[in-house]
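With mmCIF, C-alpha atoms inside, this is model11.cif:
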```
data_final
loop_
_atom_site.group_PDB
_atom_site.id
_atom_site.type_symbol
_atom_site.label_atom_id
_atom_site.label_comp_id
_atom_site.auth_asym_id
_atom_site.auth_seq_id
_atom_site.Cartn_x
_atom_site.Cartn_y
_atom_site.Cartn_z
ATOM 1 C CA MET A 677 -15.907 1.837 -27.768
ATOM 2 C CA THR A 678 -15.137 -0.940 -25.296
ATOM 3 C CA LEU A 679 -11.805 -0.810 -23.491
ATOM 4 C CA LEU A 680 -9.944 -4.140 -23.785
ATOM 5 C CA ILE A 681 -8.112 -4.643 -20.491
ATOM 6 C CA GLU A 682 -5.306 -7.202 -20.317
ATOM 7 C CA ARG A 683 -6.078 -9.083 -17.097
ATOM 8 C CA GLY A 684 -3.061 -10.014 -15.004
ATOM 9 C CA LYS A 685 -0.880 -7.454 -16.793
ATOM 10 C CA ALA A 686 0.841 -4.659 -14.840
ATOM 11 C CA LEU A 687 2.774 -1.590 -15.943
ATOM 12 C CA VAL A 688 5.459 -0.038 -13.722
ATOM 13 C CA VAL A 689 6.545 3.506 -14.605
ATOM 14 C CA ASP A 690 9.494 4.848 -12.607
ATOM 15 C CA ASP A 691 12.668 6.663 -13.637
ATOM 16 C CA ALA A 692 14.709 4.838 -10.961
ATOM 17 C CA GLU A 693 15.782 1.407 -12.171
ATOM 18 C CA LEU A 694 16.086 -0.047 -8.649
ATOM 19 C CA ASN A 695 12.480 0.969 -7.883
ATOM 20 C CA ARG A 696 11.315 -0.744 -11.086
ATOM 21 C CA ILE A 697 13.272 -3.897 -10.189
ATOM 22 C CA LEU A 698 11.729 -4.038 -6.706
ATOM 23 C CA ALA A 699 8.209 -3.346 -7.991
ATOM 24 C CA ARG A 700 8.603 -6.009 -10.694
ATOM 25 C CA ALA A 701 9.825 -8.573 -8.146
ATOM 26 C CA TYR A 702 6.885 -7.902 -5.826
ATOM 27 C CA LEU A 703 4.330 -7.906 -8.650
ATOM 28 C CA GLU A 704 5.670 -11.105 -10.209
ATOM 29 C CA ALA A 705 5.606 -12.770 -6.774
ATOM 30 C CA LEU A 706 1.910 -11.840 -6.661
ATOM 31 C CA GLY A 707 1.275 -13.433 -10.060
ATOM 32 C CA TRP A 708 1.358 -10.348 -12.313
ATOM 33 C CA ARG A 709 2.963 -10.188 -15.772
ATOM 34 C CA VAL A 710 4.965 -6.947 -15.732
ATOM 35 C CA HIS A 711 6.096 -4.391 -18.284
ATOM 36 C CA GLU A 712 8.413 -1.546 -17.225
ATOM 37 C CA CYS A 713 8.829 1.983 -18.566
ATOM 38 C CA PRO A 714 11.557 4.382 -17.364
ATOM 39 C CA GLU A 715 9.500 7.540 -17.950
ATOM 40 C CA GLY A 716 6.119 8.897 -18.972
ATOM 41 C CA TYR A 717 6.622 9.204 -22.737
ATOM 42 C CA SER A 718 7.511 5.531 -23.155
ATOM 43 C CA ALA A 719 4.559 4.642 -20.915
ATOM 44 C CA LEU A 720 2.205 6.580 -23.198
ATOM 45 C CA ALA A 721 3.641 4.790 -26.238
ATOM 46 C CA TYR A 722 3.136 1.427 -24.508
ATOM 47 C CA LEU A 723 -0.412 2.342 -23.452
ATOM 48 C CA GLY A 724 -1.160 3.057 -27.106
ATOM 49 C CA THR A 725 -0.731 -0.674 -27.766
ATOM 50 C CA CYS A 726 -1.922 -2.280 -24.519
ATOM 51 C CA THR A 727 -4.195 -1.545 -21.551
ATOM 52 C CA PRO A 728 -2.891 -3.340 -18.467
ATOM 53 C CA GLU A 729 -5.189 -4.146 -15.560
ATOM 54 C CA PHE A 730 -2.847 -2.421 -13.101
ATOM 55 C CA ILE A 731 -0.542 0.624 -13.424
ATOM 56 C CA LEU A 732 2.024 1.734 -10.840
ATOM 57 C CA LEU A 733 3.215 5.317 -11.404
ATOM 58 C CA ASP A 734 6.089 7.134 -9.760
ATOM 59 C CA ILE A 735 4.950 10.683 -9.012
ATOM 60 C CA ARG A 736 8.225 12.558 -9.535
ATOM 61 C CA MET A 737 9.781 11.821 -12.923
ATOM 62 C CA PRO A 738 11.449 14.010 -15.535
ATOM 63 C CA GLY A 739 9.330 14.931 -18.547
ATOM 64 C CA ILE A 740 5.769 13.852 -17.848
ATOM 65 C CA ASP A 741 5.368 13.386 -14.094
ATOM 66 C CA GLY A 742 3.048 10.826 -12.551
ATOM 67 C CA LEU A 743 0.248 13.315 -11.876
ATOM 68 C CA GLU A 744 0.136 14.481 -15.490
ATOM 69 C CA LEU A 745 0.388 10.906 -16.715
ATOM 70 C CA ALA A 746 -2.480 9.841 -14.419
ATOM 71 C CA THR A 747 -4.634 12.643 -15.836
ATOM 72 C CA ILE A 748 -3.934 11.447 -19.389
ATOM 73 C CA ILE A 749 -4.576 7.803 -18.487
ATOM 74 C CA ARG A 750 -7.878 8.578 -16.754
ATOM 75 C CA LYS A 751 -9.216 10.221 -19.938
ATOM 76 C CA THR A 752 -9.297 6.801 -21.613
ATOM 77 C CA CYS A 753 -9.324 4.519 -18.556
ATOM 78 C CA PRO A 754 -11.860 5.891 -16.076
ATOM 79 C CA VAL A 755 -11.798 4.932 -12.393
ATOM 80 C CA GLY A 756 -13.062 1.371 -12.076
ATOM 81 C CA THR A 757 -11.547 0.150 -15.362
ATOM 82 C CA VAL A 758 -7.811 0.116 -14.628
ATOM 83 C CA ARG A 759 -6.320 0.133 -11.131
ATOM 84 C CA LEU A 760 -3.942 3.098 -10.866
ATOM 85 C CA VAL A 761 -1.566 3.341 -7.894
ATOM 86 C CA ALA A 762 0.876 6.158 -7.114
ATOM 87 C CA TYR A 763 4.367 5.190 -5.970
ATOM 88 C CA THR A 764 6.273 7.971 -4.216
ATOM 89 C CA ALA A 765 8.887 8.656 -1.567
ATOM 90 C CA HIS A 766 7.693 12.170 -0.840
ATOM 91 C CA ALA A 767 4.220 12.191 0.656
ATOM 92 C CA ILE A 768 2.630 13.410 3.838
ATOM 93 C CA ILE A 769 -1.085 12.977 4.535
ATOM 94 C CA GLU A 770 -2.050 16.231 2.776
ATOM 95 C CA GLU A 771 -0.018 15.241 -0.284
ATOM 96 C CA VAL A 772 -1.604 11.783 -0.380
ATOM 97 C CA THR A 773 -5.038 13.420 -0.437
ATOM 98 C CA HIS A 774 -3.915 15.726 -3.258
ATOM 99 C CA ILE A 775 -2.379 12.833 -5.234
ATOM 100 C CA ARG A 776 -5.622 10.840 -4.980
ATOM 101 C CA THR A 777 -7.541 13.688 -6.701
ATOM 102 C CA PHE A 778 -5.737 12.792 -9.954
ATOM 103 C CA GLY A 779 -7.634 9.508 -10.203
ATOM 104 C CA PHE A 780 -5.341 7.199 -8.245
ATOM 105 C CA ASP A 781 -6.965 4.268 -6.481
ATOM 106 C CA ALA A 782 -4.223 4.180 -3.836
ATOM 107 C CA VAL A 783 -0.835 5.612 -2.884
ATOM 108 C CA LEU A 784 2.192 3.517 -1.890
ATOM 109 C CA ILE A 785 4.899 5.418 -0.033
ATOM 110 C CA LYS A 786 8.486 4.267 -0.618
ATOM 111 C CA PRO A 787 10.148 2.330 0.757
ATOM 112 C CA VAL A 788 7.445 -0.326 0.595
ATOM 113 C CA SER A 789 7.432 -3.841 1.941
ATOM 114 C CA PHE A 790 6.034 -6.886 0.192
ATOM 115 C CA ALA A 791 3.119 -6.824 2.668
ATOM 116 C CA ASP A 792 2.345 -3.198 1.676
ATOM 117 C CA PHE A 793 2.341 -4.192 -1.979
ATOM 118 C CA GLN A 794 0.184 -7.239 -1.373
ATOM 119 C CA GLU A 795 -2.374 -5.226 0.583
ATOM 120 C CA VAL A 796 -2.695 -2.443 -2.012
ATOM 121 C CA VAL A 797 -2.133 -4.365 -5.228
ATOM 122 C CA GLY A 798 -3.436 -7.861 -4.653
ATOM 123 C CA ARG A 799 -2.962 -10.862 -6.906
ATOM 124 C CA GLY A 800 -2.818 -10.757 -10.677
ATOM 125 C CA SER A 801 -5.770 -12.198 -12.553
ATOM 126 C CA PRO A 802 -5.187 -15.425 -14.478
#
```
Turn this file's structure into structure tokens for me.
Amino acid sequence: MTLLIERGKALVVDDAELNRILARAYLEALGWRVHECPEGYSALAYLGTCTPEFILLDIRMPGIDGLELATIIRKTCPVGTVRLVAYTAHAIIEEVTHIRTFGFDAVLIKPVSFADFQEVVGRGSP
């Protein structure tokens, strides 16, 4: 089965609305089309209908946290197919290393600047 990736499409999963608003603003400024989910269960439902090129996951969320969600996503979207970035306020170097073992391509530590986003995320595909 071939995975159909929607180029230029990004998914932001974060339980904090202000974090989703900021991430959306940065991503749209970089040319991405953005869909938001406030928690892991709605993200899984969305991913059942669409496979975005880029996924930004908050690590600490109620219900399914970002690490568990990353594990589920990587079962159908292996590394190299979908870019998966962790988005967290609580990370020291050892934690970043641990987070990366769940299949994340990168880790953004909040608060992030537009330059941080641009460096890690890059431009959306046309």
List every residue of range 700-762 of chain A that has an atom at most 12 Å from any atom of range 778-794 of chain A, and for each one report the closest atom pair and its distance in Å to one decimal, counting only C-alpha atoms, with rows sorted by chain and then by increasing residue number, as JSON lines.
```
{"residue": "A:Arg700", "atom": "CA", "partner": "A:Phe793", "partner_atom": "CA", "distance": 10.9}
{"residue": "A:Ala701", "atom": "CA", "partner": "A:Phe790", "partner_atom": "CA", "distance": 9.3}
{"residue": "A:Tyr702", "atom": "CA", "partner": "A:Phe790", "partner_atom": "CA", "distance": 6.2}
{"residue": "A:Leu703", "atom": "CA", "partner": "A:Phe793", "partner_atom": "CA", "distance": 7.9}
{"residue": "A:Glu704", "atom": "CA", "partner": "A:Gln794", "partner_atom": "CA", "distance": 11.1}
{"residue": "A:Ala705", "atom": "CA", "partner": "A:Phe790", "partner_atom": "CA", "distance": 9.1}
{"residue": "A:Leu706", "atom": "CA", "partner": "A:Gln794", "partner_atom": "CA", "distance": 7.2}
{"residue": "A:Gly707", "atom": "CA", "partner": "A:Gln794", "partner_atom": "CA", "distance": 10.7}
{"residue": "A:Trp708", "atom": "CA", "partner": "A:Gln794", "partner_atom": "CA", "distance": 11.4}
{"residue": "A:Phe730", "atom": "CA", "partner": "A:Asp781", "partner_atom": "CA", "distance": 10.3}
{"residue": "A:Ile731", "atom": "CA", "partner": "A:Phe780", "partner_atom": "CA", "distance": 9.6}
{"residue": "A:Leu732", "atom": "CA", "partner": "A:Leu784", "partner_atom": "CA", "distance": 9.1}
{"residue": "A:Leu733", "atom": "CA", "partner": "A:Phe780", "partner_atom": "CA", "distance": 9.3}
{"residue": "A:Asp734", "atom": "CA", "partner": "A:Leu784", "partner_atom": "CA", "distance": 9.5}
{"residue": "A:Ile735", "atom": "CA", "partner": "A:Val783", "partner_atom": "CA", "distance": 9.8}
{"residue": "A:Asp741", "atom": "CA", "partner": "A:Phe778", "partner_atom": "CA", "distance": 11.9}
{"residue": "A:Gly742", "atom": "CA", "partner": "A:Phe778", "partner_atom": "CA", "distance": 9.4}
{"residue": "A:Leu743", "atom": "CA", "partner": "A:Phe778", "partner_atom": "CA", "distance": 6.3}
{"residue": "A:Glu744", "atom": "CA", "partner": "A:Phe778", "partner_atom": "CA", "distance": 8.2}
{"residue": "A:Leu745", "atom": "CA", "partner": "A:Phe778", "partner_atom": "CA", "distance": 9.3}
{"residue": "A:Ala746", "atom": "CA", "partner": "A:Phe778", "partner_atom": "CA", "distance": 6.3}
{"residue": "A:Thr747", "atom": "CA", "partner": "A:Phe778", "partner_atom": "CA", "distance": 6.0}
{"residue": "A:Ile748", "atom": "CA", "partner": "A:Phe778", "partner_atom": "CA", "distance": 9.7}
{"residue": "A:Ile749", "atom": "CA", "partner": "A:Gly779", "partner_atom": "CA", "distance": 9.0}
{"residue": "A:Arg750", "atom": "CA", "partner": "A:Gly779", "partner_atom": "CA", "distance": 6.6}
{"residue": "A:Lys751", "atom": "CA", "partner": "A:Gly779", "partner_atom": "CA", "distance": 9.9}
{"residue": "A:Thr752", "atom": "CA", "partner": "A:Gly779", "partner_atom": "CA", "distance": 11.8}
{"residue": "A:Cys753", "atom": "CA", "partner": "A:Gly779", "partner_atom": "CA", "distance": 9.9}
{"residue": "A:Pro754", "atom": "CA", "partner": "A:Gly779", "partner_atom": "CA", "distance": 8.1}
{"residue": "A:Val755", "atom": "CA", "partner": "A:Gly779", "partner_atom": "CA", "distance": 6.6}
{"residue": "A:Gly756", "atom": "CA", "partner": "A:Asp781", "partner_atom": "CA", "distance": 8.8}
{"residue": "A:Thr757", "atom": "CA", "partner": "A:Asp781", "partner_atom": "CA", "distance": 10.8}
{"residue": "A:Val758", "atom": "CA", "partner": "A:Asp781", "partner_atom": "CA", "distance": 9.2}
{"residue": "A:Arg759", "atom": "CA", "partner": "A:Asp781", "partner_atom": "CA", "distance": 6.3}
{"residue": "A:Leu760", "atom": "CA", "partner": "A:Phe780", "partner_atom": "CA", "distance": 5.1}
{"residue": "A:Val761", "atom": "CA", "partner": "A:Ala782", "partner_atom": "CA", "distance": 4.9}
{"residue": "A:Ala762", "atom": "CA", "partner": "A:Val783", "partner_atom": "CA", "distance": 4.6}
```
> Which one is closest to Ile740 in chain A: A:Ile697, A:Ala719, A:Ala686, A:Val797? Count only C-alpha atoms.
Replying inline: A:Ala719
Any chance you could resolve the PyMOL selection byres ((chain A and resi 722) around 12) against this file and give the residues as a PDB file with C-alpha atoms, in the frame of the given file?
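Output below, filename part-v2.pdb:
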```
ATOM      1  CA  ALA A 686       0.841  -4.659 -14.840  1.00  0.00           C
ATOM      2  CA  LEU A 687       2.774  -1.590 -15.943  1.00  0.00           C
ATOM      3  CA  VAL A 688       5.459  -0.038 -13.722  1.00  0.00           C
ATOM      4  CA  VAL A 689       6.545   3.506 -14.605  1.00  0.00           C
ATOM      5  CA  HIS A 711       6.096  -4.391 -18.284  1.00  0.00           C
ATOM      6  CA  GLU A 712       8.413  -1.546 -17.225  1.00  0.00           C
ATOM      7  CA  CYS A 713       8.829   1.983 -18.566  1.00  0.00           C
ATOM      8  CA  PRO A 714      11.557   4.382 -17.364  1.00  0.00           C
ATOM      9  CA  GLU A 715       9.500   7.540 -17.950  1.00  0.00           C
ATOM     10  CA  GLY A 716       6.119   8.897 -18.972  1.00  0.00           C
ATOM     11  CA  TYR A 717       6.622   9.204 -22.737  1.00  0.00           C
ATOM     12  CA  SER A 718       7.511   5.531 -23.155  1.00  0.00           C
ATOM     13  CA  ALA A 719       4.559   4.642 -20.915  1.00  0.00           C
ATOM     14  CA  LEU A 720       2.205   6.580 -23.198  1.00  0.00           C
ATOM     15  CA  ALA A 721       3.641   4.790 -26.238  1.00  0.00           C
ATOM     16  CA  LEU A 723      -0.412   2.342 -23.452  1.00  0.00           C
ATOM     17  CA  GLY A 724      -1.160   3.057 -27.106  1.00  0.00           C
ATOM     18  CA  THR A 725      -0.731  -0.674 -27.766  1.00  0.00           C
ATOM     19  CA  CYS A 726      -1.922  -2.280 -24.519  1.00  0.00           C
ATOM     20  CA  THR A 727      -4.195  -1.545 -21.551  1.00  0.00           C
ATOM     21  CA  PRO A 728      -2.891  -3.340 -18.467  1.00  0.00           C
ATOM     22  CA  ILE A 731      -0.542   0.624 -13.424  1.00  0.00           C
ATOM     23  CA  ILE A 749      -4.576   7.803 -18.487  1.00  0.00           C
TER      24      ILE A 749
END
```
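Computed from the coordinates, the CA of Lys685 in chain A to CA of Glu729 in chain A distance equals 5.6 Å.
In this comparison, which uses only C-alpha atoms, the residue of A:Met737, A:Tyr763, A:Gly800, A:Arg683 approaching Leu698 in chain A most closely is A:Tyr763.
Rounded to one decimal, CA of Asp690 in chain A and CA of Arg799 in chain A lie 20.8 Å from each other.
Taking CA of Asp691 in chain A and CA of Glu771 in chain A as the two end points, the separation is 20.3 Å.
Within a radius of 8 Å around (10.1, 11.3, -3.1), the polymer residues are Ile735, Arg736, Thr764, Ala765, His766, Ala767 and Lys786 of chain A, counting all atoms listed in the file.
Of the residues listed (A:Pro738, A:Val796, A:Ile769, A:Val710), A:Val710 shows the shortest atom-to-atom separation from Glu682 in chain A; distances use all atoms listed in the file.
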Missing atoms in range 717-734 of chain A need filling: write out N, CA and C atoms for it as a compact mmCIF listing (two decimals), keeping the file's coordinate frame.
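Contents of selection-v1.txt, as written:
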```
# COMPACT_ATOMS: atom_id res chain seq x y z
N TYR A 717 6.81 9.26 -21.29
CA TYR A 717 6.62 9.20 -22.74
C TYR A 717 6.60 7.77 -23.24
N SER A 718 7.51 6.93 -22.73
CA SER A 718 7.51 5.53 -23.16
C SER A 718 6.27 4.81 -22.62
N ALA A 719 5.79 5.22 -21.46
CA ALA A 719 4.56 4.64 -20.92
C ALA A 719 3.37 4.97 -21.82
N LEU A 720 3.29 6.20 -22.29
CA LEU A 720 2.20 6.58 -23.20
C LEU A 720 2.28 5.78 -24.50
N ALA A 721 3.48 5.59 -25.02
CA ALA A 721 3.64 4.79 -26.24
C ALA A 721 3.17 3.36 -25.99
N TYR A 722 3.55 2.78 -24.86
CA TYR A 722 3.14 1.43 -24.51
C TYR A 722 1.62 1.35 -24.35
N LEU A 723 1.04 2.33 -23.67
CA LEU A 723 -0.41 2.34 -23.45
C LEU A 723 -1.19 2.53 -24.75
N GLY A 724 -0.53 2.98 -25.80
CA GLY A 724 -1.16 3.06 -27.11
C GLY A 724 -1.34 1.69 -27.74
N THR A 725 -0.66 0.67 -27.19
CA THR A 725 -0.73 -0.67 -27.77
C THR A 725 -1.37 -1.68 -26.82
N CYS A 726 -1.51 -1.32 -25.54
CA CYS A 726 -1.92 -2.28 -24.52
C CYS A 726 -2.57 -1.53 -23.36
N THR A 727 -3.59 -2.13 -22.75
CA THR A 727 -4.20 -1.54 -21.55
C THR A 727 -4.08 -2.56 -20.42
N PRO A 728 -3.05 -2.40 -19.57
CA PRO A 728 -2.89 -3.34 -18.47
C PRO A 728 -3.96 -3.14 -17.40
N GLU A 729 -4.20 -4.19 -16.64
CA GLU A 729 -5.19 -4.15 -15.56
C GLU A 729 -4.73 -3.25 -14.41
N PHE A 730 -3.41 -3.16 -14.23
CA PHE A 730 -2.85 -2.42 -13.10
C PHE A 730 -1.69 -1.55 -13.57
N ILE A 731 -1.64 -0.29 -13.08
CA ILE A 731 -0.54 0.62 -13.42
C ILE A 731 0.00 1.24 -12.14
N LEU A 732 1.32 1.14 -11.97
CA LEU A 732 2.02 1.73 -10.84
C LEU A 732 2.85 2.90 -11.38
N LEU A 733 2.55 4.12 -10.89
CA LEU A 733 3.22 5.32 -11.40
C LEU A 733 4.02 6.02 -10.32
N ASP A 734 5.29 6.25 -10.61
CA ASP A 734 6.09 7.13 -9.76
C ASP A 734 5.53 8.55 -9.96
```
